[in-house]
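Below is entry29.cif, holding mmCIF, C-alpha atoms, pLDDT in the B column; chains and numbers go by the auth columns.
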```cif
data_upload
loop_
_atom_site.group_PDB
_atom_site.id
_atom_site.type_symbol
_atom_site.label_atom_id
_atom_site.label_comp_id
_atom_site.label_asym_id
_atom_site.label_seq_id
_atom_site.Cartn_x
_atom_site.Cartn_y
_atom_site.Cartn_z
_atom_site.B_iso_or_equiv
_atom_site.auth_seq_id
_atom_site.auth_asym_id
ATOM 1 C CA MET A 1 31.608 -12.917 -38.217 63.00 1 A
ATOM 2 C CA ASN A 2 30.996 -11.702 -41.776 60.00 2 A
ATOM 3 C CA ALA A 3 29.648 -8.167 -42.010 55.00 3 A
ATOM 4 C CA SER A 4 27.944 -8.793 -45.399 54.00 4 A
ATOM 5 C CA GLY A 5 26.495 -5.300 -45.489 52.00 5 A
ATOM 6 C CA ILE A 6 24.886 -5.544 -42.025 69.00 6 A
ATOM 7 C CA SER A 7 26.417 -3.876 -38.977 90.00 7 A
ATOM 8 C CA LEU A 8 28.252 -6.357 -36.801 92.00 8 A
ATOM 9 C CA TRP A 9 26.292 -5.359 -33.708 94.00 9 A
ATOM 10 C CA ARG A 10 23.036 -6.004 -35.553 93.00 10 A
ATOM 11 C CA GLN A 11 24.256 -9.462 -36.593 93.00 11 A
ATOM 12 C CA VAL A 12 25.119 -10.267 -32.982 94.00 12 A
ATOM 13 C CA GLY A 13 21.729 -9.002 -31.826 93.00 13 A
ATOM 14 C CA GLU A 14 19.795 -10.894 -34.483 93.00 14 A
ATOM 15 C CA THR A 15 21.602 -14.127 -33.652 94.00 15 A
ATOM 16 C CA LEU A 16 20.784 -13.756 -29.959 93.00 16 A
ATOM 17 C CA LEU A 17 17.195 -12.854 -30.834 91.00 17 A
ATOM 18 C CA GLN A 18 16.854 -16.039 -32.907 91.00 18 A
ATOM 19 C CA GLU A 19 18.213 -18.080 -30.007 90.00 19 A
ATOM 20 C CA ILE A 20 15.662 -16.504 -27.679 85.00 20 A
ATOM 21 C CA ASP A 21 12.802 -17.197 -30.121 84.00 21 A
ATOM 22 C CA GLN A 22 13.934 -20.806 -30.643 86.00 22 A
ATOM 23 C CA GLY A 23 14.299 -21.503 -26.912 84.00 23 A
ATOM 24 C CA VAL A 24 18.063 -21.937 -27.064 91.00 24 A
ATOM 25 C CA LEU A 25 18.194 -19.100 -24.529 89.00 25 A
ATOM 26 C CA SER A 26 15.505 -19.550 -21.877 84.00 26 A
ATOM 27 C CA PRO A 27 13.593 -16.884 -19.907 82.00 27 A
ATOM 28 C CA GLY A 28 15.546 -16.001 -16.778 80.00 28 A
ATOM 29 C CA GLU A 29 18.807 -17.422 -18.146 87.00 29 A
ATOM 30 C CA ARG A 30 21.958 -15.389 -17.640 91.00 30 A
ATOM 31 C CA LEU A 31 23.919 -14.549 -20.776 94.00 31 A
ATOM 32 C CA PRO A 32 27.651 -15.215 -21.046 94.00 32 A
ATOM 33 C CA THR A 33 29.914 -12.290 -20.183 93.00 33 A
ATOM 34 C CA ASP A 34 30.706 -9.581 -22.724 94.00 34 A
ATOM 35 C CA ALA A 35 34.166 -11.085 -23.123 93.00 35 A
ATOM 36 C CA ASP A 36 32.778 -14.561 -23.793 94.00 36 A
ATOM 37 C CA LEU A 37 30.273 -13.220 -26.341 95.00 37 A
ATOM 38 C CA ALA A 38 32.984 -11.157 -28.017 94.00 38 A
ATOM 39 C CA ALA A 39 35.129 -14.275 -28.338 95.00 39 A
ATOM 40 C CA ARG A 40 32.204 -16.315 -29.654 94.00 40 A
ATOM 41 C CA PHE A 41 31.274 -13.791 -32.361 94.00 41 A
ATOM 42 C CA GLN A 42 34.873 -12.697 -32.986 94.00 42 A
ATOM 43 C CA VAL A 43 34.063 -9.037 -32.433 94.00 43 A
ATOM 44 C CA ASN A 44 35.140 -6.478 -29.852 94.00 44 A
ATOM 45 C CA ARG A 45 33.324 -5.872 -26.570 93.00 45 A
ATOM 46 C CA HIS A 46 31.949 -2.515 -27.731 94.00 46 A
ATOM 47 C CA THR A 47 30.096 -4.305 -30.528 95.00 47 A
ATOM 48 C CA VAL A 48 28.640 -6.819 -28.078 95.00 48 A
ATOM 49 C CA ARG A 49 27.574 -4.091 -25.657 93.00 49 A
ATOM 50 C CA ARG A 50 25.808 -2.189 -28.429 94.00 50 A
ATOM 51 C CA ALA A 51 23.914 -5.336 -29.450 94.00 51 A
ATOM 52 C CA LEU A 52 22.914 -6.066 -25.850 93.00 52 A
ATOM 53 C CA ALA A 53 21.839 -2.449 -25.264 92.00 53 A
ATOM 54 C CA HIS A 54 19.567 -2.688 -28.312 91.00 54 A
ATOM 55 C CA LEU A 55 17.965 -5.907 -27.055 91.00 55 A
ATOM 56 C CA GLN A 56 17.551 -4.353 -23.612 88.00 56 A
ATOM 57 C CA ASN A 57 15.793 -1.343 -25.129 84.00 57 A
ATOM 58 C CA GLU A 58 13.493 -3.774 -26.955 81.00 58 A
ATOM 59 C CA GLY A 59 12.544 -5.290 -23.580 76.00 59 A
ATOM 60 C CA LEU A 60 14.202 -8.654 -24.228 84.00 60 A
ATOM 61 C CA LEU A 61 17.068 -8.381 -21.759 87.00 61 A
ATOM 62 C CA ARG A 62 17.443 -7.027 -18.257 80.00 62 A
ATOM 63 C CA VAL A 63 20.666 -6.044 -16.518 82.00 63 A
ATOM 64 C CA GLU A 64 21.184 -6.704 -12.818 77.00 64 A
ATOM 65 C CA ARG A 65 24.066 -4.734 -11.390 74.00 65 A
ATOM 66 C CA GLY A 66 26.729 -7.061 -10.070 78.00 66 A
ATOM 67 C CA ARG A 67 24.977 -10.179 -11.425 81.00 67 A
ATOM 68 C CA GLY A 68 24.927 -9.881 -15.210 89.00 68 A
ATOM 69 C CA THR A 69 22.497 -9.755 -18.132 90.00 69 A
ATOM 70 C CA PHE A 70 19.426 -12.008 -18.209 87.00 70 A
ATOM 71 C CA ILE A 71 16.736 -13.027 -20.681 87.00 71 A
ATOM 72 C CA VAL A 72 13.475 -11.353 -19.660 80.00 72 A
ATOM 73 C CA GLU A 73 10.899 -13.762 -18.272 75.00 73 A
ATOM 74 C CA ASP A 74 7.313 -13.945 -19.472 76.00 74 A
ATOM 75 C CA VAL A 75 5.001 -11.305 -18.027 80.00 75 A
ATOM 76 C CA LEU A 76 2.490 -12.677 -15.508 85.00 76 A
ATOM 77 C CA ASP A 77 -1.154 -11.630 -15.404 87.00 77 A
ATOM 78 C CA TYR A 78 -1.964 -10.638 -11.814 91.00 78 A
ATOM 79 C CA ARG A 79 -5.624 -10.298 -10.876 90.00 79 A
ATOM 80 C CA LEU A 80 -6.714 -7.506 -8.561 90.00 80 A
ATOM 81 C CA GLY A 81 -10.114 -7.924 -6.989 88.00 81 A
ATOM 82 C CA ALA A 82 -12.005 -8.453 -3.772 88.00 82 A
ATOM 83 C CA ARG A 83 -10.330 -11.850 -3.256 87.00 83 A
ATOM 84 C CA THR A 84 -6.792 -11.054 -4.385 85.00 84 A
ATOM 85 C CA ARG A 85 -4.446 -13.849 -3.263 90.00 85 A
ATOM 86 C CA PHE A 86 -0.776 -14.144 -4.225 91.00 86 A
ATOM 87 C CA SER A 87 -0.582 -17.942 -4.493 90.00 87 A
ATOM 88 C CA GLU A 88 -3.863 -18.290 -6.386 89.00 88 A
ATOM 89 C CA ASN A 89 -2.760 -15.665 -8.906 88.00 89 A
ATOM 90 C CA LEU A 90 0.474 -17.500 -9.637 86.00 90 A
ATOM 91 C CA HIS A 91 -1.145 -20.941 -9.765 87.00 91 A
ATOM 92 C CA SER A 92 -3.669 -19.642 -12.297 85.00 92 A
ATOM 93 C CA SER A 93 -0.749 -18.543 -14.512 80.00 93 A
ATOM 94 C CA GLY A 94 0.868 -21.959 -14.258 83.00 94 A
ATOM 95 C CA ARG A 95 3.646 -20.743 -11.951 83.00 95 A
ATOM 96 C CA THR A 96 4.892 -22.132 -8.668 90.00 96 A
ATOM 97 C CA PRO A 97 4.557 -19.553 -5.879 92.00 97 A
ATOM 98 C CA HIS A 98 6.852 -19.257 -2.895 94.00 98 A
ATOM 99 C CA ARG A 99 7.162 -16.689 -0.152 96.00 99 A
ATOM 100 C CA THR A 100 10.168 -15.894 2.019 97.00 100 A
ATOM 101 C CA LEU A 101 9.774 -14.153 5.360 98.00 101 A
ATOM 102 C CA ILE A 102 12.197 -11.218 5.409 98.00 102 A
ATOM 103 C CA SER A 103 11.203 -9.873 8.826 98.00 103 A
ATOM 104 C CA ALA A 104 8.351 -9.902 11.347 98.00 104 A
ATOM 105 C CA ILE A 105 8.407 -7.356 14.159 98.00 105 A
ATOM 106 C CA GLU A 106 6.149 -5.369 16.476 98.00 106 A
ATOM 107 C CA GLN A 107 6.229 -1.587 16.395 98.00 107 A
ATOM 108 C CA PRO A 108 4.002 1.404 17.196 98.00 108 A
ATOM 109 C CA SER A 109 1.757 2.476 14.348 98.00 109 A
ATOM 110 C CA THR A 110 2.602 5.633 12.456 98.00 110 A
ATOM 111 C CA GLU A 111 -0.071 8.170 11.564 98.00 111 A
ATOM 112 C CA ALA A 112 -0.362 6.747 8.030 97.00 112 A
ATOM 113 C CA VAL A 113 -0.727 3.143 9.213 98.00 113 A
ATOM 114 C CA ALA A 114 -3.103 4.062 12.038 98.00 114 A
ATOM 115 C CA GLU A 115 -5.373 5.901 9.603 98.00 115 A
ATOM 116 C CA GLN A 116 -5.662 2.864 7.306 98.00 116 A
ATOM 117 C CA LEU A 117 -6.242 0.359 10.134 98.00 117 A
ATOM 118 C CA LEU A 118 -8.573 2.665 12.142 98.00 118 A
ATOM 119 C CA LEU A 119 -6.175 2.759 15.081 98.00 119 A
ATOM 120 C CA SER A 120 -4.785 5.456 17.334 98.00 120 A
ATOM 121 C CA VAL A 121 -1.280 6.622 16.536 98.00 121 A
ATOM 122 C CA GLY A 122 1.158 4.510 18.539 98.00 122 A
ATOM 123 C CA ASP A 123 -1.095 1.459 18.823 98.00 123 A
ATOM 124 C CA PRO A 124 0.983 -1.717 18.324 98.00 124 A
ATOM 125 C CA VAL A 125 1.070 -3.334 14.900 98.00 125 A
ATOM 126 C CA ALA A 126 2.834 -6.372 13.495 98.00 126 A
ATOM 127 C CA VAL A 127 4.995 -5.492 10.481 98.00 127 A
ATOM 128 C CA VAL A 128 5.630 -8.488 8.222 98.00 128 A
ATOM 129 C CA ARG A 129 7.818 -8.238 5.110 98.00 129 A
ATOM 130 C CA LEU A 130 7.417 -11.006 2.542 98.00 130 A
ATOM 131 C CA LEU A 131 9.339 -11.655 -0.668 98.00 131 A
ATOM 132 C CA GLY A 132 7.226 -13.401 -3.314 96.00 132 A
ATOM 133 C CA ASP A 133 8.754 -15.681 -5.970 94.00 133 A
ATOM 134 C CA ALA A 134 7.352 -17.168 -9.170 90.00 134 A
ATOM 135 C CA ASP A 135 9.199 -20.313 -10.248 84.00 135 A
ATOM 136 C CA GLY A 136 12.119 -19.297 -8.057 85.00 136 A
ATOM 137 C CA SER A 137 12.405 -15.738 -9.415 85.00 137 A
ATOM 138 C CA PRO A 138 11.388 -12.761 -7.233 92.00 138 A
ATOM 139 C CA VAL A 139 8.366 -10.767 -8.379 93.00 139 A
ATOM 140 C CA SER A 140 7.066 -8.923 -5.301 96.00 140 A
ATOM 141 C CA LEU A 141 8.130 -7.465 -1.982 98.00 141 A
ATOM 142 C CA GLY A 142 5.372 -6.606 0.467 97.00 142 A
ATOM 143 C CA THR A 143 5.276 -4.801 3.807 98.00 143 A
ATOM 144 C CA ASN A 144 2.118 -5.839 5.639 98.00 144 A
ATOM 145 C CA TYR A 145 0.733 -4.220 8.801 98.00 145 A
ATOM 146 C CA PHE A 146 -1.624 -6.108 11.143 98.00 146 A
ATOM 147 C CA PRO A 147 -3.376 -4.575 14.191 98.00 147 A
ATOM 148 C CA LEU A 148 -2.110 -6.495 17.214 98.00 148 A
ATOM 149 C CA GLY A 149 -5.088 -5.405 19.304 97.00 149 A
ATOM 150 C CA ARG A 150 -7.348 -7.415 16.969 97.00 150 A
ATOM 151 C CA LEU A 151 -4.841 -10.119 16.018 98.00 151 A
ATOM 152 C CA PRO A 152 -2.583 -10.599 19.059 98.00 152 A
ATOM 153 C CA ASP A 153 -1.121 -13.922 17.868 98.00 153 A
ATOM 154 C CA ILE A 154 -0.355 -12.993 14.251 98.00 154 A
ATOM 155 C CA LEU A 155 3.431 -12.831 14.727 98.00 155 A
ATOM 156 C CA ALA A 156 3.436 -16.343 16.184 98.00 156 A
ATOM 157 C CA ALA A 157 1.384 -17.482 13.185 98.00 157 A
ATOM 158 C CA PHE A 158 3.981 -16.129 10.759 97.00 158 A
ATOM 159 C CA ALA A 159 6.673 -17.982 12.675 95.00 159 A
ATOM 160 C CA ARG A 160 4.885 -21.155 11.499 95.00 160 A
ATOM 161 C CA GLN A 161 3.992 -20.161 7.951 94.00 161 A
ATOM 162 C CA THR A 162 4.526 -17.487 5.261 96.00 162 A
ATOM 163 C CA SER A 163 1.089 -17.540 3.612 95.00 163 A
ATOM 164 C CA ILE A 164 -1.004 -14.557 4.717 96.00 164 A
ATOM 165 C CA THR A 165 -4.248 -16.486 4.208 95.00 165 A
ATOM 166 C CA LYS A 166 -3.028 -19.458 6.245 96.00 166 A
ATOM 167 C CA ALA A 167 -1.549 -17.265 8.972 97.00 167 A
ATOM 168 C CA LEU A 168 -4.884 -15.480 9.326 97.00 168 A
ATOM 169 C CA LYS A 169 -6.685 -18.816 9.570 97.00 169 A
ATOM 170 C CA ILE A 170 -4.393 -19.791 12.440 97.00 170 A
ATOM 171 C CA VAL A 171 -5.549 -16.709 14.376 97.00 171 A
ATOM 172 C CA GLY A 172 -9.218 -17.271 13.556 96.00 172 A
ATOM 173 C CA VAL A 173 -9.789 -15.201 10.400 97.00 173 A
ATOM 174 C CA SER A 174 -11.136 -17.618 7.824 93.00 174 A
ATOM 175 C CA ASN A 175 -12.488 -15.053 5.382 94.00 175 A
ATOM 176 C CA TYR A 176 -11.370 -11.591 4.346 96.00 176 A
ATOM 177 C CA ARG A 177 -11.653 -9.339 1.322 96.00 177 A
ATOM 178 C CA ARG A 178 -9.891 -6.447 -0.358 95.00 178 A
ATOM 179 C CA ARG A 179 -11.630 -3.148 0.329 95.00 179 A
ATOM 180 C CA ILE A 180 -9.388 -0.892 -1.727 94.00 180 A
ATOM 181 C CA THR A 181 -6.278 -1.023 -3.897 95.00 181 A
ATOM 182 C CA ARG A 182 -4.287 1.933 -5.169 96.00 182 A
ATOM 183 C CA ILE A 183 -1.655 1.461 -7.886 96.00 183 A
ATOM 184 C CA GLY A 184 1.355 3.621 -8.654 96.00 184 A
ATOM 185 C CA ALA A 185 4.841 3.425 -10.124 96.00 185 A
ATOM 186 C CA ARG A 186 8.214 4.624 -8.876 96.00 186 A
ATOM 187 C CA ARG A 187 11.880 3.747 -8.786 94.00 187 A
ATOM 188 C CA PRO A 188 12.875 1.092 -6.252 95.00 188 A
ATOM 189 C CA VAL A 189 14.966 1.939 -3.225 95.00 189 A
ATOM 190 C CA ALA A 190 18.270 0.090 -2.882 93.00 190 A
ATOM 191 C CA ASP A 191 16.873 -2.620 -0.591 94.00 191 A
ATOM 192 C CA GLU A 192 13.997 -3.369 -2.969 95.00 192 A
ATOM 193 C CA ALA A 193 16.260 -3.561 -6.012 92.00 193 A
ATOM 194 C CA ARG A 194 18.566 -5.961 -4.174 92.00 194 A
ATOM 195 C CA LEU A 195 15.825 -8.299 -2.964 95.00 195 A
ATOM 196 C CA LEU A 196 13.899 -8.194 -6.243 93.00 196 A
ATOM 197 C CA LYS A 197 17.150 -8.638 -8.217 86.00 197 A
ATOM 198 C CA MET A 198 16.413 -5.787 -10.564 83.00 198 A
ATOM 199 C CA ALA A 199 18.162 -2.727 -11.943 79.00 199 A
ATOM 200 C CA SER A 200 17.844 0.399 -9.811 83.00 200 A
ATOM 201 C CA ASN A 201 16.650 2.453 -12.821 82.00 201 A
ATOM 202 C CA GLN A 202 13.826 0.021 -13.599 83.00 202 A
ATOM 203 C CA PRO A 203 10.469 1.059 -12.081 92.00 203 A
ATOM 204 C CA VAL A 204 8.393 -1.009 -9.705 95.00 204 A
ATOM 205 C CA LEU A 205 4.618 -1.120 -9.688 96.00 205 A
ATOM 206 C CA GLU A 206 3.393 -0.451 -6.153 97.00 206 A
ATOM 207 C CA THR A 207 0.030 -1.382 -4.717 96.00 207 A
ATOM 208 C CA GLU A 208 -1.328 0.097 -1.511 97.00 208 A
ATOM 209 C CA SER A 209 -4.237 -1.922 -0.156 97.00 209 A
ATOM 210 C CA VAL A 210 -6.515 -2.519 2.810 98.00 210 A
ATOM 211 C CA ASP A 211 -8.183 -5.856 3.582 97.00 211 A
ATOM 212 C CA VAL A 212 -11.107 -6.241 5.963 97.00 212 A
ATOM 213 C CA ASP A 213 -12.683 -9.147 7.833 96.00 213 A
ATOM 214 C CA GLU A 214 -16.327 -10.260 7.751 95.00 214 A
ATOM 215 C CA ASP A 215 -17.224 -7.464 10.205 95.00 215 A
ATOM 216 C CA ASP A 216 -15.677 -4.917 7.819 96.00 216 A
ATOM 217 C CA GLN A 217 -12.835 -4.254 10.257 97.00 217 A
ATOM 218 C CA PRO A 218 -9.420 -3.530 8.693 98.00 218 A
ATOM 219 C CA ILE A 219 -6.981 -6.368 9.399 98.00 219 A
ATOM 220 C CA ILE A 220 -4.203 -5.742 6.848 98.00 220 A
ATOM 221 C CA TYR A 221 -2.679 -2.618 5.408 98.00 221 A
ATOM 222 C CA SER A 222 -0.120 -3.487 2.725 98.00 222 A
ATOM 223 C CA ARG A 223 2.367 -1.733 0.496 98.00 223 A
ATOM 224 C CA THR A 224 3.696 -4.147 -2.120 97.00 224 A
ATOM 225 C CA SER A 225 6.276 -3.539 -4.850 97.00 225 A
ATOM 226 C CA PHE A 226 6.073 -5.648 -8.024 96.00 226 A
ATOM 227 C CA ARG A 227 8.683 -5.943 -10.736 92.00 227 A
ATOM 228 C CA SER A 228 7.234 -4.038 -13.680 90.00 228 A
ATOM 229 C CA ASP A 229 8.968 -6.353 -16.171 83.00 229 A
ATOM 230 C CA ARG A 230 7.355 -9.453 -14.661 85.00 230 A
ATOM 231 C CA ILE A 231 3.821 -8.405 -13.710 89.00 231 A
ATOM 232 C CA GLN A 232 0.846 -6.817 -15.442 89.00 232 A
ATOM 233 C CA PHE A 233 -2.306 -6.143 -13.461 90.00 233 A
ATOM 234 C CA TYR A 234 -5.856 -6.734 -14.554 87.00 234 A
ATOM 235 C CA VAL A 235 -8.867 -5.659 -12.543 86.00 235 A
ATOM 236 C CA GLU A 236 -12.042 -7.685 -12.132 74.00 236 A
ATOM 237 C CA THR A 237 -15.274 -5.753 -12.619 70.00 237 A
#
```

So that I can check it, write out the structure of this file as C-alpha cells.
Amino acid sequence: MNASGISLWRQVGETLLQEIDQGVLSPGERLPTDADLAARFQVNRHTVRRALAHLQNEGLLRVERGRGTFIVEDVLDYRLGARTRFSENLHSSGRTPHRTLISAIEQPSTEAVAEQLLLSVGDPVAVVRLLGDADGSPVSLGTNYFPLGRLPDILAAFARQTSITKALKIVGVSNYRRRITRIGARRPVADEARLLKMASNQPVLETESVDVDEDDQPIIYSRTSFRSDRIQFYVET
C-alpha cells in the first residue's frame, strides 16, 4: 500500500469504509482476521488494529470477544406504546422476527415481582426467558413473569409456542395492553453479552414493563435488554 502522504492506517480504514458504503461488506458480516487484513493491505497488524479501532469508534464496527469484528447492522426503530408487540415492531421495519425459548420455570415471586403483579410475596409465578432475533441476529433478551394463580396453564402454552401474544391467547387472554414502561441503560452481565453476542463494555437498553388484561389486572411483568447498537426506541403519544 502506498502511503502517498496519508497514514497507512487511515488508508486501510478509508478502503474498508468505501467497501461498507458500496455494499461490498454487508451489515452483520464478519471481517477477515487482523492477519488476513494485514496480508491484504501489506501492512503490519498494528496498522490494521488502529484502522479497525477508528472505525469502531465511529460506530461502524463492533467487536465480539471470541468471535471477531463485524460490520454494524442498521438500527431498528422500535415502537413503545400501549400495544407494544415484538413481532409487529420487526415486521414494520421489514425484518423477520424470531424468538427462542431460553427457559420456562415456576418459582416463588420475589418482593419486586409481587409488587408489580399485585401478588403476595412467595406466590407462584412462571418465569419465561426469550431471546429475540431480527433477521437471524439477536436484538433482545427478555425475562417475563406471569402470575400462575391467574394464568395456571401459561407454562404449557410456552411449550407449544414462543410468541407471548399467541401463548396468552392459548390460555384465554385475547387482548392486553402496556400499562407502563421504564427505560434505562447499563452494562450487560456475562450471560446477556453471550446470548446477545455483544461486547461486555457495550451498554444495553433495558425496559421494565407491566402489561394488563381487559380487567386491568397485571398479567406480565417484564425486564428486557436490547442491544443499544441495534435498537432505537420511539414513543407513541

Name all residues at most 12 Å from Ala35 of chain A (count all atoms listed in the file; drop same-chain ones fewer than 5 positions away) and give them as a compact mmCIF listing (two decimals) with C-alpha atoms, in the coordinates of the input.
```txt
# COMPACT_ATOMS: atom_id res chain seq x y z
CA ARG A 40 32.20 -16.32 -29.65
CA PHE A 41 31.27 -13.79 -32.36
CA GLN A 42 34.87 -12.70 -32.99
CA VAL A 43 34.06 -9.04 -32.43
CA ASN A 44 35.14 -6.48 -29.85
CA ARG A 45 33.32 -5.87 -26.57
CA HIS A 46 31.95 -2.52 -27.73
CA THR A 47 30.10 -4.30 -30.53
CA VAL A 48 28.64 -6.82 -28.08
CA ARG A 49 27.57 -4.09 -25.66
```

To test your reading of the syntax: which residues would the PyMOL selection byres ((chain A and resi 144) around 9) return for the file shown? Reply as a list of chain:residue names.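 So the PyMOL selection byres ((chain A and resi 144) around 9), applied here, picks out A:Ala126, A:Val127, A:Val128, A:Arg129, A:Leu130, A:Gly142, A:Thr143, A:Tyr145, A:Phe146, A:Ile220, A:Tyr221, A:Ser222, A:Arg223, A:Thr224.
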
Please evaluate the PyMOL selection byres ((chain A and resi 16) around 12) against the structure above and give the resulting residues as a ChimeraX atom specification. /A:9-15,17-26,31-32,37,40-41,48,51-52,54-56,60-61,70-71

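When only C-alpha atoms are used to measure the gap to Pro203 of chain A, the shortest distance among A:Gln217, A:Ser120, A:Ser225, A:Gln107 belongs to A:Ser225.
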
For the file shown, report as a list in words the outcome of the PyMOL selection byres ((chain A and resi 181) around 12) at residue level. Arg79, Leu80, Gly81, Ala82, Arg83, Thr84, Gln116, Arg177, Arg178, Arg179, Ile180, Arg182, Ile183, Gly184, Glu206, Thr207, Glu208, Ser209, Val210, Asp211, Ile220, Tyr221, Ser222, Arg223, Thr224, Phe233 and Val235 of chain A

Contacts of Val63 of chain A at 10 Å (all atoms listed in the file; same-chain gap of 4+ positions) as a list in words: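 Once the adjacent positions are removed, what remains is Arg30, Leu52, Ala53, Gln56, Arg67, Gly68, Thr69, Phe70, Ile71, Val72, Lys197, Met198, Ala199, Ser200 and Gln202 of chain A.
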